[in-house]
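Shown here: start24.txt, compact mmCIF, C-alpha atoms.
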# COMPACT_ATOMS: atom_id res chain seq x y z
CA MET V 234 -24.96 8.09 16.54
CA PRO V 235 -24.55 5.35 19.16
CA ARG V 236 -21.36 5.46 21.17
CA ARG V 237 -18.71 3.04 19.94
CA ARG V 238 -16.89 0.70 22.25
CA SER V 239 -13.86 2.37 23.78
CA TYR V 240 -10.97 1.38 25.98
CA ASP V 241 -11.76 4.51 28.03
CA GLN V 242 -8.09 5.12 28.68
CA TYR V 243 -6.34 8.48 28.52
CA CYS V 244 -3.58 7.01 26.35
CA ALA V 245 -2.63 7.85 22.76
CA ALA V 246 -2.31 4.19 21.76
CA ALA V 247 -5.70 3.36 23.27
CA ARG V 248 -7.31 6.31 21.51
CA ALA V 249 -5.77 5.19 18.20
CA LEU V 250 -7.10 1.67 18.70
CA ASP V 251 -10.53 3.10 19.50
CA ALA V 252 -10.52 4.41 15.91
CA VAL V 253 -8.68 1.72 13.94
CA GLY V 254 -8.56 -1.33 16.20
CA ASP V 255 -11.74 -2.95 14.88
CA ARG V 256 -11.37 -5.92 12.54
CA TRP V 257 -11.08 -4.84 8.86
CA THR V 258 -10.55 -1.11 9.46
CA LEU V 259 -6.82 -1.02 8.70
CA LEU V 260 -7.31 -3.30 5.71
CA ILE V 261 -9.88 -0.83 4.35
CA VAL V 262 -7.22 1.86 4.80
CA ARG V 263 -4.79 -0.35 2.87
CA GLU V 264 -7.24 -0.49 -0.05
CA LEU V 265 -7.98 3.25 0.02
CA LEU V 266 -4.28 4.13 -0.06
CA ALA V 267 -4.59 3.22 -3.75
CA GLY V 268 -6.94 6.18 -4.18
CA PRO V 269 -10.74 6.54 -4.29
CA ARG V 270 -12.57 3.20 -4.43
CA ARG V 271 -16.18 2.22 -4.98
CA TYR V 272 -17.93 0.10 -2.36
CA THR V 273 -18.10 -2.85 -4.78
CA ASP V 274 -14.36 -2.62 -5.46
CA LEU V 275 -13.60 -2.59 -1.75
CA HIS V 276 -15.80 -5.60 -1.17
CA ALA V 277 -14.14 -7.51 -4.04
CA ASP V 278 -10.64 -6.89 -2.66
CA LEU V 279 -11.52 -7.69 0.96
CA PRO V 280 -12.48 -11.35 0.66
CA GLY V 281 -14.16 -12.60 3.82
CA VAL V 282 -15.78 -9.33 4.90
CA SER V 283 -19.57 -9.27 4.97
CA THR V 284 -21.47 -6.43 3.34
CA ASP V 285 -22.90 -5.38 6.73
CA VAL V 286 -19.49 -5.24 8.40
CA LEU V 287 -17.92 -3.34 5.50
CA ALA V 288 -20.74 -0.79 5.50
CA SER V 289 -20.46 -0.40 9.28
CA ARG V 290 -16.69 0.09 9.19
CA LEU V 291 -16.97 2.69 6.43
CA LYS V 292 -19.56 4.62 8.45
CA ASP V 293 -17.28 4.49 11.49
CA MET V 294 -14.36 5.74 9.38
CA GLU V 295 -16.47 8.63 8.12
CA ARG V 296 -17.52 9.50 11.66
CA ASP V 297 -13.90 9.38 12.86
CA GLU V 298 -12.85 11.54 9.89
CA LEU V 299 -10.60 8.87 8.43
CA ALA V 300 -12.53 8.63 5.15
CA THR V 301 -15.12 10.53 3.16
CA ARG V 302 -17.73 9.52 0.61
CA ARG V 303 -18.39 11.55 -2.54
CA LYS V 304 -20.20 11.22 -5.82
CA LEU V 305 -18.22 11.12 -9.03
CA PRO V 306 -19.29 13.53 -11.78
CA PRO V 307 -21.22 12.24 -14.81
CA PRO V 308 -21.04 9.98 -16.70
CA ALA V 309 -19.76 7.84 -13.81
CA ALA V 310 -22.41 8.95 -11.30
CA ALA V 311 -21.01 6.47 -8.74
CA TYR V 312 -20.04 7.03 -5.12
CA VAL V 313 -16.47 6.47 -3.99
CA TYR V 314 -14.73 6.39 -0.64
CA GLU V 315 -11.38 8.08 -0.12
CA LEU V 316 -9.09 8.75 2.81
CA THR V 317 -8.85 12.09 4.56
CA GLY V 318 -5.51 13.55 5.60
CA ARG V 319 -5.88 11.78 8.94
CA GLY V 320 -6.57 8.51 7.17
CA ARG V 321 -3.61 8.91 4.82
CA ALA V 322 -1.38 9.52 7.84
CA LEU V 323 -1.83 5.83 8.65
CA LEU V 324 0.51 4.85 5.78
CA PRO V 325 3.63 4.56 7.99
CA VAL V 326 1.57 2.66 10.58
CA LEU V 327 0.51 0.10 7.98
CA GLY V 328 4.04 -0.02 6.60
CA ALA V 329 5.47 -0.79 10.03
CA LEU V 330 2.85 -3.47 10.64
CA ALA V 331 3.59 -5.03 7.26
CA GLU V 332 7.33 -5.05 7.94
CA TRP V 333 6.74 -6.68 11.32
CA GLY V 334 4.36 -9.23 9.82
CA ALA V 335 6.39 -10.10 6.71
CA PRO V 336 8.18 -13.11 8.30
CA ALA V 337 4.76 -14.69 8.92
CA LEU V 338 4.31 -14.95 5.14
CA ARG V 339 7.01 -17.59 4.76
CA GLU V 340 4.29 -20.21 4.59
CA ARG V 341 1.24 -19.63 2.40
CA ARG V 342 -1.78 -21.48 3.75
CA PRO V 343 -4.15 -23.25 1.32
CA THR V 344 -7.00 -21.02 2.54
CA ASP V 345 -5.11 -17.75 2.00
CA ALA V 346 -6.59 -15.32 -0.49
CA VAL V 347 -4.05 -13.15 -2.32
CA ARG V 348 -4.10 -10.00 -4.41
CA ALA V 349 -0.92 -8.72 -6.02
CA HIS V 350 -1.46 -5.18 -4.76
CA TRP V 351 -1.39 -6.39 -1.14
CA PHE V 352 2.40 -6.41 -1.53
CA ALA V 353 2.40 -2.70 -2.42
CA VAL V 354 2.52 -1.07 1.03
CA PRO V 355 5.37 -3.22 2.44
CA LEU V 356 7.30 -2.98 -0.83
CA LEU V 357 6.84 0.80 -0.91
CA ARG V 358 8.25 1.04 2.60
CA ALA V 359 11.14 -1.27 1.72
CA LEU V 360 12.13 0.62 -1.42
CA SER V 361 11.69 4.08 0.11
CA GLY V 362 13.05 3.46 3.59
CA SER V 363 16.07 1.27 2.98
CA PRO V 364 19.51 2.95 3.05
CA ALA V 365 20.21 1.00 -0.14
CA GLY V 366 16.97 2.16 -1.71
CA PRO V 367 16.71 4.54 -4.65
CA ARG V 368 17.15 8.27 -4.23
CA THR V 369 15.09 9.15 -7.29
CA GLU V 370 11.33 9.63 -7.19
CA GLY V 371 9.21 7.82 -9.75
CA VAL V 372 6.76 5.06 -10.53
CA VAL V 373 7.81 1.42 -10.31
CA GLU V 374 5.65 -1.22 -11.97
CA VAL V 375 5.81 -4.60 -10.23
CA ARG V 376 4.91 -7.83 -12.03
CA LEU V 377 4.20 -10.97 -10.01
CA ASP V 378 2.64 -14.24 -11.05
CA GLU V 379 -0.34 -13.13 -8.94
CA GLY V 380 -0.83 -9.90 -10.90
CA VAL V 381 0.56 -6.43 -11.59
CA PHE V 382 0.60 -3.27 -9.47
CA HIS V 383 2.67 -0.10 -9.25
CA VAL V 384 4.06 2.05 -6.45
CA ARG V 385 4.99 5.73 -6.40
CA LEU V 386 8.34 6.28 -4.71
CA GLY V 387 8.86 9.59 -2.99
CA ALA V 388 5.16 10.36 -2.56
CA ASP V 389 3.54 10.18 0.85
CA GLY V 390 -0.19 9.77 1.22
CA THR V 391 -0.87 13.51 1.35
CA GLU V 392 1.19 14.35 -1.75
CA ALA V 393 -0.39 11.56 -3.76
CA ALA V 394 -3.90 12.58 -2.78
CA HIS V 395 -3.27 16.18 -3.80
CA ALA V 396 -2.24 14.84 -7.20
CA GLY V 397 -5.45 12.81 -7.40
CA GLU V 398 -3.57 9.54 -7.03
CA GLY V 399 -2.78 6.91 -4.42
CA VAL V 400 0.61 5.86 -3.14
CA TYR V 401 0.13 2.70 -5.17
CA GLY V 402 -2.20 1.43 -7.86
CA ASP V 403 -3.59 -1.91 -8.99
CA GLY V 404 -2.62 -2.89 -12.51
CA PRO V 405 0.08 -1.59 -14.87
CA ALA V 406 1.39 1.96 -14.64
CA GLU V 407 0.74 4.30 -17.55
CA ARG V 408 4.36 5.46 -17.81
CA PRO V 409 6.55 3.55 -15.35
CA ASP V 410 10.09 4.74 -14.69
CA ALA V 411 11.15 1.16 -13.93
CA CYS V 412 9.62 -2.28 -14.04
CA LEU V 413 10.35 -5.12 -11.60
CA VAL V 414 9.62 -8.75 -12.49
CA LEU V 415 9.89 -11.16 -9.57
CA ASP V 416 8.00 -13.79 -7.63
CA ALA V 417 6.07 -13.45 -4.38
CA VAL V 418 8.90 -14.96 -2.34
CA ALA V 419 11.40 -12.36 -3.53
CA CYS V 420 8.81 -9.64 -2.97
CA ARG V 421 8.33 -10.82 0.61
CA GLU V 422 12.07 -10.90 1.19
CA LEU V 423 12.35 -7.33 -0.10
CA SER V 424 9.59 -6.33 2.31
CA GLU V 425 11.25 -7.91 5.34
CA GLY V 426 14.66 -6.50 4.43
CA SER V 427 16.46 -9.80 3.83
CA LEU V 428 16.94 -9.01 0.11
CA THR V 429 17.75 -5.89 -1.88
CA VAL V 430 16.72 -5.31 -5.47
CA ALA V 431 20.35 -5.11 -6.58
CA ASP V 432 21.16 -8.46 -4.92
CA GLY V 433 18.06 -10.00 -6.49
CA VAL V 434 19.13 -8.76 -9.91
CA ARG V 435 22.65 -10.11 -9.42
CA ASP V 436 21.29 -13.51 -8.37
CA GLY V 437 18.85 -13.69 -11.28
CA ARG V 438 15.78 -13.56 -9.02
CA ILE V 439 14.63 -10.07 -10.06
CA GLU V 440 14.55 -8.44 -13.47
CA VAL V 441 14.60 -4.65 -13.64
CA THR V 442 13.88 -2.94 -16.95
CA GLY V 443 14.09 0.74 -17.78
CA ASP V 444 16.76 3.14 -18.99
CA GLY V 445 16.25 6.03 -16.57
CA VAL V 446 18.03 6.91 -13.33
CA LEU V 447 15.49 5.13 -11.12
CA ALA V 448 15.88 1.83 -12.98
CA LYS V 449 19.67 2.14 -12.85
CA GLU V 450 19.57 2.85 -9.11
CA LEU V 451 17.41 -0.20 -8.51
CA ARG V 452 19.86 -2.36 -10.47
CA GLY V 453 22.74 -0.87 -8.46
CA GLU V 454 24.32 0.69 -11.55
CA TRP V 455 24.23 4.31 -10.43
CA ALA V 456 24.89 5.46 -6.89
CA GLY V 457 24.26 9.16 -7.47
CA PRO V 458 25.37 11.96 -5.14
CA PRO V 459 25.76 11.16 -1.43
CA ARG V 460 22.65 11.42 0.69
CA ALA V 461 22.37 14.61 2.73

Have the structure of the file written as structure tokens, please.
Amino acid sequence: MPRRRSYDQYCAAARALDAVGDRWTLLIVRELLAGPRRYTDLHADLPGVSTDVLASRLKDMERDELATRRKLPPPAAAYVYELTGRGRALLPVLGALAEWGAPALRERRPTDAVRAHWFAVPLLRALSGSPAGPRTEGVVEVRLDEGVFHVRLGADGTEAAHAGEGVYGDGPAERPDACLVLDAVACRELSEGSLTVADGVRDGRIEVTGDGVLAKELRGEWAGPPRA
């Protein structure tokens, strides 16, 4: 294989950027954090990427052991791409980038494409990492005007992959423990930390349905035992 461009610096950050610093690579990781995806699905949810560039990035990710390609058993008989353990370890990196970039979403440009599940990684980080976030693991379905997705609280990329799942999923959850209904602005504010779910519920900006502990925690109705 031809040698890729490198910063040629004996530095951990430079080495990381050698692997994931190319345009589109981290966004491919974002898509694959939902679980195995076909090439056509990746191309559909990465508007603006050419087929040649997508194919090249996927080959690079295979070579750098960030992703693998495998054939699904019959009757599907299709090939899918999925993250390796090293690729899944990029979840907190993407989460931190999304948190840092959330304020830049305060203005939506007319040319901006949008997919509902693009809010999943920053929302997952916000719900899991906030001191006011829920203590209970479970699946939260999120309904926006732009579409529906779900996140799995308490599962990192490795755990989810071992269960044959992603840390989030596009579309409704099969058996959600709680359901959030909100708009994209409230979702962005949750991601950047300027709003909590409980405050959004109190102000009528977020609706949380569900009778279990997770739903009650999100609504601020049940504090549970103190954190260790």

Which neighbours of V:Asp378 fall inside 10 Å, counting all atoms listed in the file, when residues of the same chain fewer than 4 positions from it are skipped, and could you give them as a PDB file with C-alpha atoms, in the frame of the given file?
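This is the output file around.pdb:
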ATOM      1  CA  ALA V 349      -0.920  -8.720  -6.020  1.00  0.00           C
ATOM      2  CA  VAL V 414       9.620  -8.750 -12.490  1.00  0.00           C
ATOM      3  CA  LEU V 415       9.890 -11.160  -9.570  1.00  0.00           C
ATOM      4  CA  ASP V 416       8.000 -13.790  -7.630  1.00  0.00           C
ATOM      5  CA  ALA V 417       6.070 -13.450  -4.380  1.00  0.00           C
TER       6      ALA V 417
END

I'd like the contact shell of stretch 439-454 of chain V - 9 Å cut-off, only C-alpha atoms, skipping same-chain residues fewer than 2 positions apart - returned as a short mmCIF file (atom, residue, chain, number, x, y, z; two decimals) with C-alpha atoms, keeping the file's coordinate frame.
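Contents of around13.cif, freshly written:
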data_model
loop_
_atom_site.label_atom_id
_atom_site.label_comp_id
_atom_site.auth_asym_id
_atom_site.auth_seq_id
_atom_site.Cartn_x
_atom_site.Cartn_y
_atom_site.Cartn_z
CA LEU V 360 12.13 0.62 -1.42
CA ALA V 365 20.21 1.00 -0.14
CA GLY V 366 16.97 2.16 -1.71
CA PRO V 367 16.71 4.54 -4.65
CA ARG V 368 17.15 8.27 -4.23
CA THR V 369 15.09 9.15 -7.29
CA GLU V 370 11.33 9.63 -7.19
CA GLY V 371 9.21 7.82 -9.75
CA VAL V 372 6.76 5.06 -10.53
CA VAL V 373 7.81 1.42 -10.31
CA PRO V 409 6.55 3.55 -15.35
CA ASP V 410 10.09 4.74 -14.69
CA ALA V 411 11.15 1.16 -13.93
CA CYS V 412 9.62 -2.28 -14.04
CA LEU V 413 10.35 -5.12 -11.60
CA VAL V 414 9.62 -8.75 -12.49
CA LEU V 415 9.89 -11.16 -9.57
CA ASP V 416 8.00 -13.79 -7.63
CA ALA V 419 11.40 -12.36 -3.53
CA THR V 429 17.75 -5.89 -1.88
CA VAL V 430 16.72 -5.31 -5.47
CA ALA V 431 20.35 -5.11 -6.58
CA ASP V 432 21.16 -8.46 -4.92
CA GLY V 433 18.06 -10.00 -6.49
CA VAL V 434 19.13 -8.76 -9.91
CA ARG V 435 22.65 -10.11 -9.42
CA ASP V 436 21.29 -13.51 -8.37
CA GLY V 437 18.85 -13.69 -11.28
CA ALA V 456 24.89 5.46 -6.89
CA GLY V 457 24.26 9.16 -7.47
#

Please produce, as a tab-separated table, a per-residue contact table for stretch 279-312 of chain V versus stretch 237-245 of chain V (criterion: any atom at most 12 Å away, only C-alpha atoms considered), showing the nearest atom pair and its distance in Å to one decimal, sorted by chain then residue number.
residue	atom	partner	partner_atom	distance
V:Ser289	CA	V:Arg237	CA	11.3
V:Arg290	CA	V:Arg237	CA	11.3
V:Lys292	CA	V:Arg237	CA	11.6
V:Asp293	CA	V:Arg237	CA	8.7
V:Met294	CA	V:Arg237	CA	11.7
V:Arg296	CA	V:Arg237	CA	10.6
V:Asp297	CA	V:Arg237	CA	10.7

**Asked** With all atoms listed in the file as the basis for distance, which of V:Pro325, V:Pro269, V:Pro308, V:Gly254 is at the shortest distance from V:Arg358?
**Response** V:Pro325

**Prompt:** Counting all atoms listed in the file, what is within 10 Å of stretch 273-286 of chain V, bar same-chain residues fewer than 4 positions away, as number ranges by chain?
**Reply:** V: 256-258, 260-261, 264-265, 269, 290-292, 313-314, 345-348, 350-351

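Take atom CA of V:Gly402 and atom CA of V:Leu386: the distance between them is 12.0 Å.
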
Taking all listed atoms of stretch 325-333 of chain V, build the axis-aligned box, pad each of the six sides by 4 Å, then write its centre and edge lengths in Å to one decimal as JSON.
{"center_x": 3.9, "center_y": -1.1, "center_z": 9.0, "size_x": 14.8, "size_y": 19.2, "size_z": 12.7}

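Closest approach to V:Arg319 among V:Leu356, V:Ala249, V:Glu340, V:Val381: V:Ala249, based on all atoms listed in the file.
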
**Message:** Please list as an MDAnalysis selection string every residue within 8 Å of V:Gly320, counting all atoms listed in the file and excluding residues in the same chain fewer than 3 positions away.
**Reply:** chainID V and resid 262 298:300 316:317 323

**Request:** Starting from the point (5.4, -5.2, -6.9), work out which residues of protein, DNA or RNA have an atom no more than 7 Å away when counting all atoms listed in the file; state them as a PyMOL selection string.
**Result:** chain V and resi 352-353+356+374-377+381-383+413+420

**Message:** As an exercise, work out the distance from atom CA of V:Ala288 to atom CA of V:Leu259 in Å and give it to one decimal place.
**Reply:**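 The value is 14.3 Å.
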
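With only C-alpha atoms as the basis for measurement, V:Val354 is the residue among V:Asp255, V:Tyr312, V:Thr344, V:Val354 that approaches V:Leu330 most closely.
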
**Request:** May I ask for the distance between atom CA of V:Val418 and atom CA of V:Arg342, given in Å to one decimal place?
**Result:** 13.9 Å

Could you rebuild stretch 301-337 of chain V with N, CA and C atoms and give me the result as a PDB file, keeping the file's coordinate frame?
ATOM      1  N   THR V 301     -13.945   9.797   3.603  1.00  0.00           N
ATOM      2  CA  THR V 301     -15.120  10.530   3.160  1.00  0.00           C
ATOM      3  C   THR V 301     -15.750   9.802   1.974  1.00  0.00           C
ATOM      4  N   ARG V 302     -16.994  10.107   1.724  1.00  0.00           N
ATOM      5  CA  ARG V 302     -17.730   9.520   0.610  1.00  0.00           C
ATOM      6  C   ARG V 302     -18.184  10.660  -0.294  1.00  0.00           C
ATOM      7  N   ARG V 303     -17.960  10.504  -1.605  1.00  0.00           N
ATOM      8  CA  ARG V 303     -18.390  11.550  -2.540  1.00  0.00           C
ATOM      9  C   ARG V 303     -18.872  10.924  -3.830  1.00  0.00           C
ATOM     10  N   LYS V 304     -19.644  11.694  -4.561  1.00  0.00           N
ATOM     11  CA  LYS V 304     -20.200  11.220  -5.820  1.00  0.00           C
ATOM     12  C   LYS V 304     -19.340  11.685  -6.975  1.00  0.00           C
ATOM     13  N   LEU V 305     -18.996  10.759  -7.853  1.00  0.00           N
ATOM     14  CA  LEU V 305     -18.220  11.120  -9.030  1.00  0.00           C
ATOM     15  C   LEU V 305     -19.092  11.872 -10.022  1.00  0.00           C
ATOM     16  N   PRO V 306     -18.504  12.784 -10.786  1.00  0.00           N
ATOM     17  CA  PRO V 306     -19.290  13.530 -11.780  1.00  0.00           C
ATOM     18  C   PRO V 306     -19.734  12.624 -12.914  1.00  0.00           C
ATOM     19  N   PRO V 307     -20.777  13.018 -13.649  1.00  0.00           N
ATOM     20  CA  PRO V 307     -21.220  12.240 -14.810  1.00  0.00           C
ATOM     21  C   PRO V 307     -20.067  12.095 -15.803  1.00  0.00           C
ATOM     22  N   PRO V 308     -20.011  11.019 -16.578  1.00  0.00           N
ATOM     23  CA  PRO V 308     -21.040   9.980 -16.700  1.00  0.00           C
ATOM     24  C   PRO V 308     -20.931   8.859 -15.669  1.00  0.00           C
ATOM     25  N   ALA V 309     -19.933   8.931 -14.770  1.00  0.00           N
ATOM     26  CA  ALA V 309     -19.760   7.840 -13.810  1.00  0.00           C
ATOM     27  C   ALA V 309     -20.939   7.752 -12.846  1.00  0.00           C
ATOM     28  N   ALA V 310     -21.270   8.874 -12.210  1.00  0.00           N
ATOM     29  CA  ALA V 310     -22.410   8.950 -11.300  1.00  0.00           C
ATOM     30  C   ALA V 310     -22.365   7.865 -10.218  1.00  0.00           C
ATOM     31  N   ALA V 311     -21.170   7.483  -9.792  1.00  0.00           N
ATOM     32  CA  ALA V 311     -21.010   6.470  -8.740  1.00  0.00           C
ATOM     33  C   ALA V 311     -20.410   7.137  -7.510  1.00  0.00           C
ATOM     34  N   TYR V 312     -20.630   6.531  -6.364  1.00  0.00           N
ATOM     35  CA  TYR V 312     -20.040   7.030  -5.120  1.00  0.00           C
ATOM     36  C   TYR V 312     -18.726   6.305  -4.863  1.00  0.00           C
ATOM     37  N   VAL V 313     -17.762   7.055  -4.358  1.00  0.00           N
ATOM     38  CA  VAL V 313     -16.470   6.470  -3.990  1.00  0.00           C
ATOM     39  C   VAL V 313     -16.114   6.895  -2.581  1.00  0.00           C
ATOM     40  N   TYR V 314     -15.289   6.073  -1.953  1.00  0.00           N
ATOM     41  CA  TYR V 314     -14.730   6.390  -0.640  1.00  0.00           C
ATOM     42  C   TYR V 314     -13.264   6.754  -0.832  1.00  0.00           C
ATOM     43  N   GLU V 315     -12.789   7.713  -0.063  1.00  0.00           N
ATOM     44  CA  GLU V 315     -11.380   8.080  -0.120  1.00  0.00           C
ATOM     45  C   GLU V 315     -10.927   8.517   1.266  1.00  0.00           C
ATOM     46  N   LEU V 316      -9.643   8.409   1.509  1.00  0.00           N
ATOM     47  CA  LEU V 316      -9.090   8.750   2.810  1.00  0.00           C
ATOM     48  C   LEU V 316      -8.981  10.258   2.978  1.00  0.00           C
ATOM     49  N   THR V 317      -9.156  10.715   4.198  1.00  0.00           N
ATOM     50  CA  THR V 317      -8.850  12.090   4.560  1.00  0.00           C
ATOM     51  C   THR V 317      -7.360  12.190   4.876  1.00  0.00           C
ATOM     52  N   GLY V 318      -6.905  13.390   5.201  1.00  0.00           N
ATOM     53  CA  GLY V 318      -5.510  13.550   5.600  1.00  0.00           C
ATOM     54  C   GLY V 318      -5.175  12.694   6.808  1.00  0.00           C
ATOM     55  N   ARG V 319      -6.109  12.606   7.749  1.00  0.00           N
ATOM     56  CA  ARG V 319      -5.880  11.780   8.940  1.00  0.00           C
ATOM     57  C   ARG V 319      -5.802  10.304   8.569  1.00  0.00           C
ATOM     58  N   GLY V 320      -6.618   9.892   7.625  1.00  0.00           N
ATOM     59  CA  GLY V 320      -6.570   8.510   7.170  1.00  0.00           C
ATOM     60  C   GLY V 320      -5.286   8.201   6.427  1.00  0.00           C
ATOM     61  N   ARG V 321      -4.846   9.132   5.576  1.00  0.00           N
ATOM     62  CA  ARG V 321      -3.610   8.910   4.820  1.00  0.00           C
ATOM     63  C   ARG V 321      -2.387   8.877   5.731  1.00  0.00           C
ATOM     64  N   ALA V 322      -2.493   9.521   6.893  1.00  0.00           N
ATOM     65  CA  ALA V 322      -1.380   9.520   7.840  1.00  0.00           C
ATOM     66  C   ALA V 322      -1.135   8.148   8.443  1.00  0.00           C
ATOM     67  N   LEU V 323      -2.023   7.201   8.158  1.00  0.00           N
ATOM     68  CA  LEU V 323      -1.830   5.830   8.650  1.00  0.00           C
ATOM     69  C   LEU V 323      -0.884   5.020   7.764  1.00  0.00           C
ATOM     70  N   LEU V 324      -0.409   5.586   6.665  1.00  0.00           N
ATOM     71  CA  LEU V 324       0.510   4.850   5.780  1.00  0.00           C
ATOM     72  C   LEU V 324       1.727   4.316   6.528  1.00  0.00           C
ATOM     73  N   PRO V 325       2.469   5.131   7.295  1.00  0.00           N
ATOM     74  CA  PRO V 325       3.630   4.560   7.990  1.00  0.00           C
ATOM     75  C   PRO V 325       3.239   3.528   9.044  1.00  0.00           C
ATOM     76  N   VAL V 326       2.045   3.654   9.614  1.00  0.00           N
ATOM     77  CA  VAL V 326       1.570   2.660  10.580  1.00  0.00           C
ATOM     78  C   VAL V 326       1.384   1.317   9.884  1.00  0.00           C
ATOM     79  N   LEU V 327       0.714   1.336   8.732  1.00  0.00           N
ATOM     80  CA  LEU V 327       0.510   0.100   7.980  1.00  0.00           C
ATOM     81  C   LEU V 327       1.843  -0.461   7.485  1.00  0.00           C
ATOM     82  N   GLY V 328       2.739   0.438   7.065  1.00  0.00           N
ATOM     83  CA  GLY V 328       4.040  -0.020   6.600  1.00  0.00           C
ATOM     84  C   GLY V 328       4.817  -0.724   7.696  1.00  0.00           C
ATOM     85  N   ALA V 329       4.775  -0.168   8.903  1.00  0.00           N
ATOM     86  CA  ALA V 329       5.470  -0.790  10.030  1.00  0.00           C
ATOM     87  C   ALA V 329       4.842  -2.131  10.384  1.00  0.00           C
ATOM     88  N   LEU V 330       3.523  -2.204  10.363  1.00  0.00           N
ATOM     89  CA  LEU V 330       2.850  -3.470  10.640  1.00  0.00           C
ATOM     90  C   LEU V 330       3.217  -4.522   9.596  1.00  0.00           C
ATOM     91  N   ALA V 331       3.262  -4.097   8.330  1.00  0.00           N
ATOM     92  CA  ALA V 331       3.590  -5.030   7.260  1.00  0.00           C
ATOM     93  C   ALA V 331       5.029  -5.536   7.390  1.00  0.00           C
ATOM     94  N   GLU V 332       5.941  -4.644   7.752  1.00  0.00           N
ATOM     95  CA  GLU V 332       7.330  -5.050   7.940  1.00  0.00           C
ATOM     96  C   GLU V 332       7.440  -6.055   9.089  1.00  0.00           C
ATOM     97  N   TRP V 333       6.720  -5.779  10.167  1.00  0.00           N
ATOM     98  CA  TRP V 333       6.740  -6.680  11.320  1.00  0.00           C
ATOM     99  C   TRP V 333       6.108  -8.027  10.976  1.00  0.00           C
ATOM    100  N   GLY V 334       5.078  -8.001  10.144  1.00  0.00           N
ATOM    101  CA  GLY V 334       4.360  -9.230   9.820  1.00  0.00           C
ATOM    102  C   GLY V 334       4.925 -10.013   8.653  1.00  0.00           C
ATOM    103  N   ALA V 335       5.873  -9.435   7.911  1.00  0.00           N
ATOM    104  CA  ALA V 335       6.390 -10.100   6.710  1.00  0.00           C
ATOM    105  C   ALA V 335       6.941 -11.497   6.972  1.00  0.00           C
ATOM    106  N   PRO V 336       7.672 -11.744   8.074  1.00  0.00           N
ATOM    107  CA  PRO V 336       8.180 -13.110   8.300  1.00  0.00           C
ATOM    108  C   PRO V 336       7.068 -14.148   8.421  1.00  0.00           C
ATOM    109  N   ALA V 337       5.862 -13.735   8.790  1.00  0.00           N
ATOM    110  CA  ALA V 337       4.760 -14.690   8.920  1.00  0.00           C
ATOM    111  C   ALA V 337       4.238 -15.159   7.564  1.00  0.00           C
TER     112      ALA V 337
END
